[in-house]
Number of protein chains: 2
Amino acid sequence: MGRWQPDARGRLQEAALTLYGERGFDNTTVAEIAEHAGLTKRTFFRYFADKREVLFWGSAVLEELFVTEVSAAPESAAPLDAVAAALDAAAAMFEERREFAARRRRIIAANPELQERELIKLASLAGAVAEALRRRGVDDPAAILTAEAAITVFRVAFERWVDQADHQPLQRLIGESLEQLRAVTAHR
Amino acid sequence: MGRWQPDARGRLQEAALTLYGERGFDNTTVAEIAEHAGLTKRTFFRYFADKREVLFWGSAVLEELFVTEVSAAPESAAPLDAVAAALDAAAAMFEERREFAARRRRIIAANPELQERELIKLASLAGAVAEALRRRGVDDPAAILTAEAAITVFRVAFERWVDQADHQPLQRLIGESLEQLRAVTAHR
DNA sequence: GATGTGGATGACACTTGGTGTCATCACGCT
DNA sequence: AGCGTGATGACACCAAGTGTCATCCACATC
């Protein structure tokens, strides 16, 4: 490794993030991103399936984290509690990358195509969590509903977190959102 | 009206649904759809913003239905109950179009791009429901969470409904999903 | 040190989605 | 008859994405 400049993927990601941020997703061509990274359009598509995917490379890591944490929860834990533990772990991971997360989030918020991609990544995440719950013995409508609820809680809390002026920790916002959900779905 | 064949939009929708169903979304070009409808590619894009949107023309109607129903719920109804009434109304609407819904659903299930579009439509729907709840005096984290939970319940029930062999009514499946969600989020 | 192999990249042509622009056509109105 | 108008067609164009082949250079092997 080293015949060419190293870390082609990372350079492409960096260039894309910069250009999307400066001129917007629509006003950036793949050829421009590649050029900034010292590569060609064709090579961009060897690393990323499409122009949007360059912003979502990390989602596999997040998915793995969620699945690991759900699986690692004590056997006695209720489904929602197992998932809550995973949310905590994810929160810790994002807390260290707040700058990056906010930058990336602004880009996505400005473009519907990117929001679509984000939504399907979250859906995939929910699917993986549901599968992890099933392996814990949770049956199917419950597994899906728990997973989806957890992702919704995460999403709502995350949006508040990146948008807020005061720096409340993400973990706290997640806890609040989860409580809200419980209150809202409580009988009577 | 009448200078050209009437209902250009409807013809395009019908042609698209047929072709997407026969050869798949990817293996259908916009030019082909337009040709089947006796029109040109350019005209297709005058009626639909993109190749996917032709399958989602009805989503505005659904959104309106949800908003109307939520707003019409008795003032005394809890947020989740107001939304549950809307789910019932939506279920009734789909029950009359089961054939079409299933056909359309198979097409979407076979293609990630279409799933992305579906997800953002559902997100938009959730946003509209949340706004309707806010107008009922529900505050913000609760409004969003209630709306998202309702859409999730609807989605889960809907998928079971179109996939099932026995014809349980959608309303019933929605009720069950809602109960499951309540059970899963209950304290202790 | 020559040779060969393989993985990463470039070059290039091509299809298709999507858009801007102008021409055309038939209808209703005056 | 002439005019305006809204829907459509024709055409050119850009950018995303893909298939294919050539190229290049690190590395192992002889």
# chains A, B, ... in the order shown; residues from 1 in each chain; ligands from 1
$ interface_residues --of "chain A" --to "chain D" --cutoff "12 Å" --atoms "only C-alpha atoms (C1' of nucleotides)" --output "PyMOL selection string"
chain A and resi 1-4+26-32+41-46+48-52
$ closest_atom_pairs --of "chain A" --to "chain B" --cutoff "8 Å" --atoms "only C-alpha atoms" --output "Markdown table"
| residue | atom | partner | partner_atom | distance |
| --- | --- | --- | --- | --- |
| A:Pro79 | CA | B:Val184 | CA | 7.4 |
| A:Leu80 | CA | B:Val184 | CA | 6.8 |
| A:Gln115 | CA | B:Ile120 | CA | 7.4 |
| A:Glu116 | CA | B:Glu116 | CA | 5.2 |
| A:Arg117 | CA | B:Glu116 | CA | 6.4 |
| A:Leu119 | CA | B:Leu119 | CA | 6.4 |
| A:Ile120 | CA | B:Glu116 | CA | 5.7 |
| A:Pro141 | CA | B:Ser177 | CA | 6.9 |
| A:Ala142 | CA | B:Gln180 | CA | 6.0 |
| A:Ile144 | CA | B:Val156 | CA | 7.8 |
| A:Leu145 | CA | B:Leu181 | CA | 6.1 |
| A:Thr146 | CA | B:Val184 | CA | 6.6 |
| A:Glu148 | CA | B:Thr152 | CA | 7.0 |
| A:Ala149 | CA | B:Ala149 | CA | 6.7 |
| A:Thr152 | CA | B:Glu148 | CA | 7.0 |
| A:Val153 | CA | B:Leu145 | CA | 7.4 |
| A:Val156 | CA | B:Leu145 | CA | 7.7 |
| A:Ser177 | CA | B:Pro141 | CA | 6.9 |
| A:Gln180 | CA | B:Ala142 | CA | 6.0 |
| A:Leu181 | CA | B:Leu145 | CA | 6.1 |
| A:Arg182 | CA | B:Thr185 | CA | 5.5 |
| A:Val184 | CA | B:Thr146 | CA | 6.5 |
| A:Thr185 | CA | B:Arg182 | CA | 5.5 |
| A:Ala186 | CA | B:Ala186 | CA | 6.4 |
| A:His187 | CA | B:Arg182 | CA | 7.4 |
$ atom_distance --atom1 "atom CA of Glu159 of chain B" --atom2 "atom CA of Gln171 of chain B"
12.6 Å
$ select_by_dssp --residues "chain A" --states "helix (DSSP H, G or I)" --output "PyMOL selection string"
chain A and resi 8-23+30-36+41-47+53-55+59-72+79-95+98-109+112-135+140-163+170-185
$ interface_residues --of "chain C" --to "chain B" --cutoff "9 Å" --atoms "only C-alpha atoms (C1' of nucleotides)" --output "ChimeraX atom specification"
/C:16-18,26-27
$ write_last_selection --atoms "N, CA and C atoms (P, O5', C5', C4', C3', O3' and C1' of nucleotides)" --output "compact mmCIF listing (two decimals), in the first residue's frame"
# COMPACT_ATOMS: atom_id res chain seq x y z
P DT C 16 -30.92 2.57 -21.38
O5' DT C 16 -31.20 3.66 -20.23
C5' DT C 16 -30.82 3.35 -18.90
C4' DT C 16 -30.94 4.59 -18.06
C3' DT C 16 -32.25 5.37 -18.24
O3' DT C 16 -32.90 5.41 -16.98
C1' DT C 16 -30.38 6.83 -18.23
P DG C 17 -34.35 6.04 -16.76
O5' DG C 17 -34.02 7.26 -15.80
C5' DG C 17 -33.32 6.99 -14.60
C4' DG C 17 -32.94 8.30 -13.92
C3' DG C 17 -34.11 9.26 -13.70
O3' DG C 17 -33.88 9.93 -12.46
C1' DG C 17 -32.50 10.29 -15.11
P DG C 18 -35.03 10.76 -11.75
O5' DG C 18 -34.84 12.18 -12.42
C5' DG C 18 -33.70 12.95 -12.03
C4' DG C 18 -33.57 14.15 -12.92
C3' DG C 18 -34.81 15.03 -13.09
O3' DG C 18 -34.55 16.27 -12.47
C1' DG C 18 -33.58 14.81 -15.11
P DA C 26 -53.74 20.01 -34.27
O5' DA C 26 -55.05 20.33 -33.43
C5' DA C 26 -55.28 19.59 -32.26
C4' DA C 26 -55.85 20.51 -31.20
C3' DA C 26 -57.21 21.12 -31.55
O3' DA C 26 -58.05 20.97 -30.43
C1' DA C 26 -55.75 22.78 -30.82
P DC C 27 -59.53 20.46 -30.64
O5' DC C 27 -60.32 21.46 -29.69
C5' DC C 27 -60.02 21.47 -28.30
C4' DC C 27 -59.96 22.89 -27.78
C3' DC C 27 -61.21 23.74 -28.08
O3' DC C 27 -62.07 23.69 -26.95
C1' DC C 27 -59.14 24.98 -28.19
